[in-house]
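Data from final-v6.txt: compact mmCIF, C-alpha atoms
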```
# COMPACT_ATOMS: atom_id res chain seq x y z
CA MET A 363 0.00 0.00 0.00
CA ILE A 364 1.28 3.44 -0.93
CA GLU A 365 0.44 6.55 1.05
CA VAL A 366 -0.18 9.53 -1.24
CA GLU A 367 -0.24 12.75 0.67
CA SER A 368 0.08 16.45 0.19
CA LYS A 369 0.67 18.95 2.93
CA TYR A 370 -0.16 22.66 3.07
CA TRP A 371 0.46 25.52 5.41
CA SER A 372 -2.99 26.07 6.91
CA PRO A 373 -5.05 29.22 6.21
CA GLY A 374 -6.20 28.66 9.82
CA ASN A 375 -7.20 25.26 11.20
CA GLU A 376 -10.43 26.61 12.73
CA LYS A 377 -11.54 27.92 9.35
CA VAL A 378 -10.63 24.68 7.54
CA GLU A 379 -12.46 22.65 10.19
CA LYS A 380 -15.67 24.63 9.58
CA VAL A 381 -15.51 23.95 5.84
CA LEU A 382 -14.86 20.25 6.47
CA VAL A 383 -17.88 19.98 8.75
CA SER A 384 -20.09 21.81 6.23
CA LEU A 385 -18.95 19.32 3.54
CA GLY A 386 -20.03 16.42 5.74
CA ALA A 387 -16.56 15.21 6.78
CA LYS A 388 -16.46 12.99 9.86
CA LYS A 389 -14.11 13.63 12.77
CA ILE A 390 -12.43 10.36 13.74
CA SER A 391 -9.87 11.39 16.31
CA SER A 392 -8.23 14.20 18.18
CA GLY A 393 -5.17 14.18 20.39
CA THR A 394 -1.50 14.80 20.95
CA MET A 395 1.40 12.93 19.36
CA GLU A 396 5.05 12.63 20.17
CA ASP A 397 7.16 11.34 17.29
CA VAL A 398 10.63 10.01 18.01
CA TYR A 399 12.85 9.70 14.93
CA PHE A 400 15.79 7.32 15.07
CA ILE A 401 19.24 7.56 13.54
CA HIS A 402 20.42 4.37 11.78
CA PRO A 403 23.77 3.00 12.97
CA GLY A 404 25.04 2.36 9.45
CA ARG A 405 23.00 4.49 7.08
CA ASP A 406 22.26 8.23 6.82
CA PHE A 407 18.44 8.37 6.70
CA GLY A 408 18.66 12.04 5.65
CA LYS A 409 20.50 11.02 2.48
CA THR A 410 18.49 7.87 1.74
CA ASP A 411 15.22 9.73 2.48
CA GLU A 412 14.02 7.01 4.84
CA ALA A 413 12.69 7.31 8.37
CA LEU A 414 12.13 5.09 11.40
CA ARG A 415 9.60 6.67 13.71
CA LEU A 416 8.09 5.69 17.04
CA ARG A 417 4.82 7.58 17.49
CA LYS A 418 3.40 7.85 21.01
CA LYS A 419 -0.28 8.77 21.08
CA ASP A 420 -2.83 9.17 23.86
CA ASP A 421 -4.25 5.73 23.05
CA GLY A 422 -1.22 3.67 22.08
CA ALA A 423 1.91 3.72 19.98
CA GLU A 424 3.14 2.62 16.59
CA LEU A 425 6.46 1.98 14.95
CA THR A 426 6.69 3.07 11.33
CA TYR A 427 9.24 2.68 8.58
CA LYS A 428 8.97 5.18 5.73
CA GLY A 429 10.72 4.56 2.43
CA PRO A 430 12.11 7.19 0.04
CA ARG A 431 9.59 9.64 -1.45
CA MET A 432 8.55 9.27 -5.09
CA ASN A 433 7.55 12.73 -6.23
CA LEU A 434 4.41 13.28 -8.28
CA SER A 435 4.27 17.11 -8.56
CA THR A 436 3.00 18.42 -5.17
CA THR A 437 1.83 15.06 -3.83
CA LYS A 438 4.30 12.62 -2.42
CA ALA A 439 4.12 8.86 -2.33
CA ARG A 440 6.24 6.58 -0.21
CA GLU A 441 6.19 3.08 1.17
CA GLU A 442 4.99 2.95 4.74
CA VAL A 443 4.99 -0.05 7.07
CA THR A 444 3.43 0.32 10.50
CA LEU A 445 3.43 -1.91 13.54
CA LYS A 446 1.00 -1.08 16.33
CA THR A 447 2.15 -1.72 19.88
CA ASP A 448 0.92 -1.10 23.39
CA ASN A 449 4.47 -1.11 24.70
CA PRO A 450 6.47 1.86 23.30
CA LEU A 451 9.11 1.43 26.01
CA ALA A 452 9.98 -2.10 24.86
CA ALA A 453 9.90 -1.00 21.22
CA GLN A 454 12.33 1.85 21.90
CA ARG A 455 14.58 -0.43 23.99
CA ILE A 456 14.86 -3.02 21.19
CA ILE A 457 15.55 -0.34 18.57
CA GLU A 458 18.28 1.21 20.72
CA ARG A 459 19.87 -2.16 21.51
CA LEU A 460 20.19 -2.71 17.76
CA GLY A 461 22.35 0.41 17.54
CA PHE A 462 19.79 3.04 16.56
CA LYS A 463 19.88 6.35 18.39
CA GLU A 464 17.06 8.72 19.26
CA GLY A 465 17.63 11.64 16.90
CA TYR A 466 14.75 14.08 16.96
CA VAL A 467 11.41 14.54 18.65
CA VAL A 468 8.43 16.24 16.99
CA ARG A 469 5.36 17.11 19.10
CA LYS A 470 1.97 18.06 17.71
CA THR A 471 -1.78 18.05 18.26
CA ARG A 472 -3.82 16.48 15.46
CA GLU A 473 -7.51 16.49 14.52
CA SER A 474 -8.33 13.77 11.98
CA TYR A 475 -11.27 13.80 9.58
CA ILE A 476 -12.51 11.35 6.99
CA TYR A 477 -13.82 13.14 3.92
CA ASP A 478 -14.88 10.95 1.01
CA LYS A 479 -11.94 8.57 0.42
CA LEU A 480 -9.53 11.05 1.96
CA ARG A 481 -8.09 11.45 5.36
CA VAL A 482 -7.60 15.08 6.37
CA GLU A 483 -5.32 15.95 9.26
CA LEU A 484 -5.33 19.34 10.95
CA ASP A 485 -1.99 19.65 12.72
CA ARG A 486 -0.56 22.18 15.12
CA VAL A 487 3.16 21.48 15.34
CA GLU A 488 5.18 22.68 18.32
CA GLY A 489 7.63 25.32 17.11
CA LEU A 490 6.22 25.49 13.54
CA GLY A 491 2.52 26.36 13.30
CA GLU A 492 -0.62 24.96 11.65
CA PHE A 493 -0.79 22.59 8.68
CA VAL A 494 -3.35 20.57 6.75
CA GLU A 495 -2.50 17.15 5.33
CA LEU A 496 -4.53 15.30 2.71
CA GLU A 497 -3.93 11.57 2.48
CA ILE A 498 -5.07 8.52 0.54
CA LEU A 499 -3.86 4.97 0.98
CA THR A 500 -3.95 3.41 -2.47
CA GLU A 501 -2.40 0.89 -4.82
CA SER A 502 -2.60 3.33 -7.77
CA PRO A 503 -1.21 6.76 -6.72
CA GLU A 504 -1.64 8.46 -10.12
CA ARG A 505 -5.35 7.73 -10.28
CA GLU A 506 -6.17 9.40 -6.95
CA ALA A 507 -4.38 12.67 -7.65
CA SER A 508 -7.52 14.40 -8.95
CA LEU A 509 -9.41 13.62 -5.74
CA LEU A 510 -6.68 15.32 -3.74
CA GLU A 511 -6.77 18.32 -6.08
CA LEU A 512 -10.54 18.72 -5.63
CA ALA A 513 -10.27 18.68 -1.83
CA ARG A 514 -7.38 21.15 -1.98
CA LYS A 515 -9.58 23.71 -3.74
CA GLU A 516 -12.57 23.15 -1.45
CA LEU A 517 -10.43 23.75 1.61
CA ALA A 518 -8.63 26.77 0.08
CA LEU A 519 -5.17 25.29 0.52
CA ASP A 520 -2.71 27.14 -1.69
CA ARG A 521 0.63 26.98 0.05
CA PRO A 522 2.05 23.47 -0.46
CA GLU A 523 4.93 22.25 1.66
CA GLN A 524 7.01 19.31 0.41
CA LYS A 525 9.24 19.06 3.44
CA THR A 526 8.45 16.94 6.48
CA TYR A 527 7.88 18.57 9.87
CA LEU A 528 11.17 17.07 10.89
CA GLU A 529 13.00 18.75 8.00
CA LEU A 530 11.28 22.08 8.68
CA LEU A 531 12.19 21.91 12.35
CA ILE A 532 15.80 21.03 11.58
CA GLU A 533 15.97 23.99 9.17
CA LYS A 534 14.49 26.20 11.84
CA GLY A 535 17.02 24.83 14.29
CA ALA A 536 14.17 24.29 16.74
CA ALA A 537 13.97 20.51 16.86
CA ALA A 538 14.70 19.05 20.25
CA ARG A 539 17.95 17.26 19.58
CA ASN A 540 18.86 14.53 22.00
CA LYS A 541 22.12 12.71 22.53
CA MET B 824 14.31 -8.10 34.26
CA ILE B 825 16.85 -10.89 33.74
CA GLU B 826 15.92 -14.30 32.43
CA VAL B 827 17.87 -17.05 34.20
CA GLU B 828 17.57 -20.34 32.44
CA SER B 829 19.19 -23.68 32.14
CA LYS B 830 18.59 -26.18 29.43
CA TYR B 831 19.01 -29.96 29.42
CA TRP B 832 18.80 -32.76 26.93
CA SER B 833 15.59 -34.47 27.96
CA PRO B 834 15.53 -38.00 29.44
CA GLY B 835 12.23 -38.21 27.51
CA ASN B 836 9.60 -35.45 27.53
CA GLU B 837 6.75 -37.85 28.29
CA LYS B 838 8.56 -39.06 31.41
CA VAL B 839 9.38 -35.52 32.56
CA GLU B 840 5.78 -34.45 31.97
CA LYS B 841 4.52 -37.23 34.27
CA VAL B 842 6.85 -36.13 37.08
CA LEU B 843 5.80 -32.50 36.61
CA VAL B 844 2.13 -33.41 36.89
CA SER B 845 2.75 -35.53 39.98
CA LEU B 846 4.55 -32.55 41.57
CA GLY B 847 1.49 -30.36 40.95
CA ALA B 848 2.90 -28.29 38.07
CA LYS B 849 0.30 -26.49 35.94
CA LYS B 850 0.28 -26.69 32.16
CA ILE B 851 -0.17 -23.20 30.73
CA SER B 852 0.28 -23.69 27.01
CA SER B 853 1.07 -26.08 24.21
CA GLY B 854 1.77 -25.37 20.58
CA THR B 855 4.16 -24.91 17.71
CA MET B 856 6.68 -22.10 17.24
CA GLU B 857 8.64 -20.83 14.32
CA ASP B 858 11.59 -18.63 15.27
CA VAL B 859 13.17 -16.43 12.63
CA TYR B 860 16.63 -15.13 13.56
CA PHE B 861 17.92 -12.03 11.83
CA ILE B 862 21.41 -11.05 10.72
CA HIS B 863 22.46 -7.51 11.68
CA PRO B 864 23.61 -5.32 8.77
CA GLY B 865 26.65 -4.01 10.65
CA ARG B 866 27.33 -6.35 13.53
CA ASP B 867 28.05 -10.08 13.76
CA PHE B 868 25.48 -11.32 16.31
CA GLY B 869 27.39 -14.61 16.54
CA LYS B 870 30.45 -12.75 17.85
CA THR B 871 28.58 -10.27 20.07
CA ASP B 872 26.37 -13.08 21.42
CA GLU B 873 23.19 -11.10 20.73
CA ALA B 874 20.05 -12.16 18.88
CA LEU B 875 17.05 -10.58 17.22
CA ARG B 876 14.25 -13.08 16.92
CA LEU B 877 10.73 -12.97 15.51
CA ARG B 878 8.71 -15.79 17.06
CA LYS B 879 5.52 -16.86 15.29
CA LYS B 880 3.16 -18.85 17.50
CA ASP B 881 -0.31 -20.30 17.00
CA ASP B 882 -1.82 -17.39 18.91
CA GLY B 883 0.33 -14.41 17.91
CA ALA B 884 3.90 -13.28 17.50
CA GLU B 885 6.65 -11.49 19.39
CA LEU B 886 9.84 -9.70 18.55
CA THR B 887 12.67 -10.27 21.01
CA TYR B 888 16.13 -8.83 21.49
CA LYS B 889 18.52 -10.95 23.54
CA GLY B 890 21.70 -9.48 24.96
CA PRO B 891 24.99 -11.31 25.57
CA ARG B 892 24.94 -14.21 28.03
CA MET B 893 26.42 -13.74 31.50
CA ASN B 894 27.53 -17.18 32.62
CA LEU B 895 26.78 -18.46 36.12
CA SER B 896 28.01 -22.07 35.96
CA THR B 897 25.33 -24.07 34.08
CA THR B 898 22.63 -21.42 34.21
CA LYS B 899 22.73 -18.53 31.81
CA ALA B 900 21.41 -15.02 32.32
CA ARG B 901 20.85 -12.44 29.62
CA GLU B 902 18.89 -9.30 29.00
CA GLU B 903 15.70 -9.94 27.10
CA VAL B 904 13.32 -7.34 25.68
CA THR B 905 10.11 -8.53 24.05
CA LEU B 906 7.47 -6.76 22.00
CA LYS B 907 4.21 -8.59 21.36
CA THR B 908 2.52 -8.02 18.03
CA ASP B 909 -0.43 -9.39 16.10
CA ASN B 910 1.24 -8.47 12.81
CA PRO B 911 4.42 -10.53 12.26
CA LEU B 912 4.43 -9.64 8.55
CA ALA B 913 4.72 -5.91 9.25
CA ALA B 914 7.34 -6.57 11.93
CA GLN B 915 9.45 -8.63 9.54
CA ARG B 916 9.02 -6.02 6.77
CA ILE B 917 10.25 -3.17 8.99
CA ILE B 918 13.21 -5.22 10.22
CA GLU B 919 14.21 -6.11 6.66
CA ARG B 920 13.82 -2.53 5.42
CA LEU B 921 16.31 -1.50 8.10
CA GLY B 922 18.89 -3.78 6.52
CA PHE B 923 18.49 -6.94 8.61
CA LYS B 924 18.34 -10.25 6.79
CA GLU B 925 16.51 -13.43 7.69
CA GLY B 926 19.30 -15.76 8.76
CA TYR B 927 17.94 -18.94 10.29
CA VAL B 928 14.63 -20.56 11.14
CA VAL B 929 14.12 -22.87 14.13
CA ARG B 930 10.88 -24.84 14.42
CA LYS B 931 9.66 -26.61 17.54
CA THR B 932 6.69 -27.77 19.54
CA ARG B 933 6.62 -26.58 23.17
CA GLU B 934 4.63 -27.61 26.25
CA SER B 935 4.88 -25.00 29.01
CA TYR B 936 4.39 -25.66 32.70
CA ILE B 937 4.44 -23.41 35.75
CA TYR B 938 6.06 -25.17 38.70
CA ASP B 939 6.55 -23.09 41.83
CA LYS B 940 8.29 -19.88 40.67
CA LEU B 941 9.71 -21.67 37.66
CA ARG B 942 8.63 -21.99 34.12
CA VAL B 943 9.40 -25.40 32.62
CA GLU B 944 9.40 -25.86 28.85
CA LEU B 945 9.31 -29.26 27.21
CA ASP B 946 10.60 -28.76 23.67
CA ARG B 947 10.80 -30.99 20.65
CA VAL B 948 13.06 -29.24 18.16
CA GLU B 949 12.90 -30.10 14.47
CA GLY B 950 16.19 -31.71 13.49
CA LEU B 951 17.56 -31.88 17.07
CA GLY B 952 15.39 -33.80 19.54
CA GLU B 953 13.83 -33.22 22.98
CA PHE B 954 14.93 -30.70 25.60
CA VAL B 955 13.78 -29.34 28.95
CA GLU B 956 14.28 -25.70 29.86
CA LEU B 957 13.99 -24.27 33.37
CA GLU B 958 13.46 -20.53 33.59
CA ILE B 959 13.00 -17.77 36.14
CA LEU B 960 12.50 -14.11 35.43
CA THR B 961 14.18 -12.27 38.27
CA GLU B 962 16.02 -9.14 39.34
CA SER B 963 18.52 -11.17 41.38
CA PRO B 964 19.85 -14.12 39.31
CA GLU B 965 22.25 -15.47 41.98
CA ARG B 966 19.53 -15.88 44.58
CA GLU B 967 17.31 -18.08 42.40
CA ALA B 968 20.01 -20.57 41.38
CA SER B 969 19.16 -23.02 44.18
CA LEU B 970 15.53 -23.21 43.08
CA LEU B 971 16.67 -24.22 39.62
CA GLU B 972 19.00 -26.84 41.09
CA LEU B 973 16.20 -28.41 43.14
CA ALA B 974 13.92 -28.71 40.11
CA ARG B 975 16.78 -30.14 38.05
CA LYS B 976 17.14 -33.04 40.51
CA GLU B 977 13.40 -33.68 40.80
CA LEU B 978 13.09 -33.94 37.02
CA ALA B 979 16.24 -36.10 36.64
CA LEU B 980 17.96 -33.69 34.27
CA ASP B 981 21.67 -34.45 34.13
CA ARG B 982 22.84 -33.47 30.67
CA PRO B 983 23.09 -29.68 30.56
CA GLU B 984 23.39 -27.88 27.25
CA GLN B 985 24.78 -24.33 27.19
CA LYS B 986 24.29 -23.77 23.49
CA THR B 987 21.14 -22.36 21.96
CA TYR B 988 19.04 -24.43 19.58
CA LEU B 989 20.25 -22.15 16.85
CA GLU B 990 23.89 -22.87 17.65
CA LEU B 991 23.23 -26.62 17.89
CA LEU B 992 21.47 -26.59 14.53
CA ILE B 993 24.24 -24.58 12.89
CA GLU B 994 26.78 -27.07 14.27
CA LYS B 995 24.71 -29.90 12.94
CA GLY B 996 24.45 -28.14 9.64
CA ALA B 997 20.73 -28.76 9.74
CA ALA B 998 19.38 -25.22 10.16
CA ALA B 999 17.25 -24.03 7.29
CA ARG B 1000 19.44 -21.29 5.89
CA ASN B 1001 17.69 -18.71 3.83
CA LYS B 1002 19.08 -16.09 1.47
```
Show me, as structure tokens, the structure contained in the file I just sent.
Amino acid sequence: MIEVESKYWSPGNEKVEKVLVSLGAKKISSGTMEDVYFIHPGRDFGKTDEALRLRKKDDGAELTYKGPRMNLSTTKAREEVTLKTDNPLAAQRIIERLGFKEGYVVRKTRESYIYDKLRVELDRVEGLGEFVELEILTESPEREASLLELARKELALDRPEQKTYLELLIEKGAAARNK
Amino acid sequence: MIEVESKYWSPGNEKVEKVLVSLGAKKISSGTMEDVYFIHPGRDFGKTDEALRLRKKDDGAELTYKGPRMNLSTTKAREEVTLKTDNPLAAQRIIERLGFKEGYVVRKTRESYIYDKLRVELDRVEGLGEFVELEILTESPEREASLLELARKELALDRPEQKTYLELLIEKGAAARNK
């Protein structure tokens, strides 16, 4: 399964949320997230454009590997493999014992909506600001691009951002760097 | 938590099982296991005496890191961190994406008993034969050694084996080597 997503600087999450509700989108979750990104012992994830992330949420945790991005204009597609776990401490311990190091931490609040076949995330990222992400999980990324484009217009999103929060925070020099 | 365990070539699992039952031990599980051991991309686990194992059981799976053994005569103690998961496919995918390779597979049937503070495993290992393992999870390995010794005598176990099944199978040249 390929995750196709596009991210935009938000014109104001409150405003976007009102439009979503008026379009009949359904809120599916709301909460805080702490994302720990790991540094590979033998590979520079920055150069290979991969990521290993442990996400700690209010209701559980998940370990995710993200493969290199394949660019399709403003959307991005990448392989994503996720393992849910109720024991983030054990997950982090195993990862560290294998030589990985905790590199960066990204904290945000996220409101998630389902709108048609899309998932829409309204994020407020600590140290960065507000963003809107549009996502589809699909086997045929090209085919779903028009759906994303339609939603983009409806929600008045016109400032795309290709970089990850992690990259933006590193650029800003505001990411909490550990060890 | 430290796992202290000692392993013995079995005088016959059926015989040991009868003694266990007569001593009031409680059977807690019975089933087959397939253990996949991974090869680290930048470290020789054979030399460092570590292991990364994905165990697939009838009722789920778990990912385990095992640290180097600390020898206390015939018992062995080592750090063990385990992550349960209901998605062994995703776990294996993430591990492989990080550069690990499937190295060996060990298959066995296992009957597990709780006897006093001990866990007793009666194993039949494909390509090797029958074994009995005595285990305690403890914070103070030295203190529990006498408990293990008592059980060893009661169950007539007199042929200790320090090596892991994996090592025995490699020696025997019978391990299913993949890729």
Restrict the calculation to all atoms listed in the file, then for each residue of chain A with any atom at most 7 Å from an atom of chain B give the closest atom pair and their distance in Å to one decimal, rows by chain and rising residue number, as a tab-separated table.
```
residue	atom	partner	partner_atom	distance
A:Gly404	CA	B:Gly865	CA	6.7
A:Tyr427	CA	B:Ile917	CA	6.0
A:Val443	CA	B:Ala913	CA	6.3
A:Thr444	CA	B:Ala913	CA	6.5
A:Leu445	CA	B:Ala913	CA	6.0
A:Thr447	CA	B:Thr908	CA	6.6
A:Asn449	CA	B:Leu906	CA	6.9
A:Ala452	CA	B:Leu906	CA	6.0
A:Ala453	CA	B:Leu906	CA	6.3
A:Ile456	CA	B:Tyr888	CA	6.0
```
Using 8 Å of padding on each side, determine the axis-aligned box around all atoms of stretch 901-908 of chain B present in the file and give its centre and edge lengths in Å to one decimal, as JSON.
```
{"center_x": 11.7, "center_y": -9.6, "center_z": 23.8, "size_x": 34.3, "size_y": 21.7, "size_z": 27.6}
```
| Looking at B:Glu944, B:Glu925, B:Glu958, B:Glu828, which one is nearest to B:Ser852, with distances taken over all atoms listed in the file? |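 That would be B:Glu944, the residue with the smallest distance to B:Ser852.
The interatomic distance for the pair atom CA of B:Leu843 and atom CA of B:Lys940 works out to 13.5 Å.
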| task | Find the distance between atom CA of B:Thr855 and atom CA of B:Lys931 and write it in Å to one decimal. | result |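 We find that atom CA of B:Thr855 and atom CA of B:Lys931 lie 5.8 Å from each other.
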| Distance atom CA of B:Leu970-atom CA of B:Glu934, one decimal place? |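 If I compute the distance from atom CA of B:Leu970 to atom CA of B:Glu934, I get 20.5 Å.
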| query | B:Thr987: which residues within 12 Å, counting only C-alpha atoms, same-chain residues fewer than 4 positions away excluded, as a VMD selection string? | reply | chain B and resid 828 to 832 860 869 872 to 874 889 892 899 929 948 951 954 956 983 991 to 994
| task | Would you list the contacts of A:Met395 as a VMD selection string, taking every protein, DNA or RNA residue within 6 Å and counting all atoms listed in the file, but skipping same-chain residues closer than 6 positions in sequence? | result | chain A and resid 418 to 419 469 to 470
| query | For A:Glu396, which residue out of A:Leu484, A:Met432, A:Ala423, A:Leu512 is the nearest one, using all atoms listed in the file? | reply | A:Ala423
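All protein, DNA and RNA residues at most 9 Å from (15.8, -38.2, 34.9) are Ser833, Pro834, Gly835, Lys838, Val839, Arg975, Lys976, Glu977, Leu978, Ala979, Leu980 and Asp981 of chain B, using all atoms listed in the file.
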| B:Ile851, B:Val955, B:Ala968, B:Leu877: which is nearest B:Glu837, counting all atoms listed in the file? |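 Of the candidates, the smallest distance to B:Glu837 is held by B:Val955.
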Could you rebuild stretch 514-530 of chain A with N, CA, C and O atoms and give me the result as a short mmCIF file (atom, residue, chain, number, x, y, z; two decimals), in the coordinates of the input?
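Generated output (result39.cif):
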```cif
data_model
loop_
_atom_site.label_atom_id
_atom_site.label_comp_id
_atom_site.auth_asym_id
_atom_site.auth_seq_id
_atom_site.Cartn_x
_atom_site.Cartn_y
_atom_site.Cartn_z
N ARG A 514 -8.27 20.00 -2.18
CA ARG A 514 -7.38 21.15 -1.98
C ARG A 514 -8.10 22.46 -2.25
O ARG A 514 -8.02 23.42 -1.47
N LYS A 515 -8.85 22.49 -3.37
CA LYS A 515 -9.58 23.71 -3.74
C LYS A 515 -10.70 24.00 -2.74
O LYS A 515 -10.89 25.13 -2.32
N GLU A 516 -11.45 22.96 -2.39
CA GLU A 516 -12.57 23.15 -1.45
C GLU A 516 -12.11 23.72 -0.12
O GLU A 516 -12.80 24.50 0.51
N LEU A 517 -10.91 23.31 0.30
CA LEU A 517 -10.43 23.75 1.61
C LEU A 517 -9.54 24.98 1.52
O LEU A 517 -8.98 25.42 2.53
N ALA A 518 -9.41 25.53 0.30
CA ALA A 518 -8.63 26.77 0.08
C ALA A 518 -7.18 26.64 0.55
O ALA A 518 -6.64 27.51 1.23
N LEU A 519 -6.57 25.52 0.15
CA LEU A 519 -5.17 25.29 0.52
C LEU A 519 -4.30 25.67 -0.67
O LEU A 519 -4.39 25.07 -1.73
N ASP A 520 -3.48 26.70 -0.52
CA ASP A 520 -2.71 27.14 -1.69
C ASP A 520 -1.22 27.34 -1.40
O ASP A 520 -0.50 27.94 -2.19
N ARG A 521 -0.79 26.84 -0.25
CA ARG A 521 0.63 26.98 0.05
C ARG A 521 1.22 25.61 0.37
O ARG A 521 1.37 25.23 1.53
N PRO A 522 1.55 24.84 -0.68
CA PRO A 522 2.05 23.47 -0.46
C PRO A 522 3.41 23.46 0.24
O PRO A 522 4.18 24.42 0.11
N GLU A 523 3.63 22.41 0.97
CA GLU A 523 4.93 22.25 1.66
C GLU A 523 5.40 20.82 1.45
O GLU A 523 4.76 19.87 1.92
N GLN A 524 6.50 20.65 0.72
CA GLN A 524 7.01 19.31 0.41
C GLN A 524 7.80 18.71 1.57
O GLN A 524 7.94 17.50 1.67
N LYS A 525 8.35 19.58 2.38
CA LYS A 525 9.24 19.06 3.44
C LYS A 525 8.45 18.45 4.59
O LYS A 525 7.31 18.82 4.86
N THR A 526 9.07 17.52 5.29
CA THR A 526 8.45 16.94 6.48
C THR A 526 8.58 17.94 7.63
O THR A 526 9.40 18.86 7.59
N TYR A 527 7.76 17.73 8.68
CA TYR A 527 7.88 18.57 9.87
C TYR A 527 9.29 18.49 10.42
O TYR A 527 9.87 19.47 10.87
N LEU A 528 9.82 17.28 10.38
CA LEU A 528 11.17 17.07 10.89
C LEU A 528 12.17 17.95 10.13
O LEU A 528 12.99 18.66 10.74
N GLU A 529 12.08 17.93 8.80
CA GLU A 529 13.00 18.75 8.00
C GLU A 529 12.81 20.23 8.28
O GLU A 529 13.78 20.99 8.39
N LEU A 530 11.55 20.66 8.40
CA LEU A 530 11.28 22.08 8.68
C LEU A 530 11.84 22.49 10.04
O LEU A 530 12.41 23.57 10.19
#
```
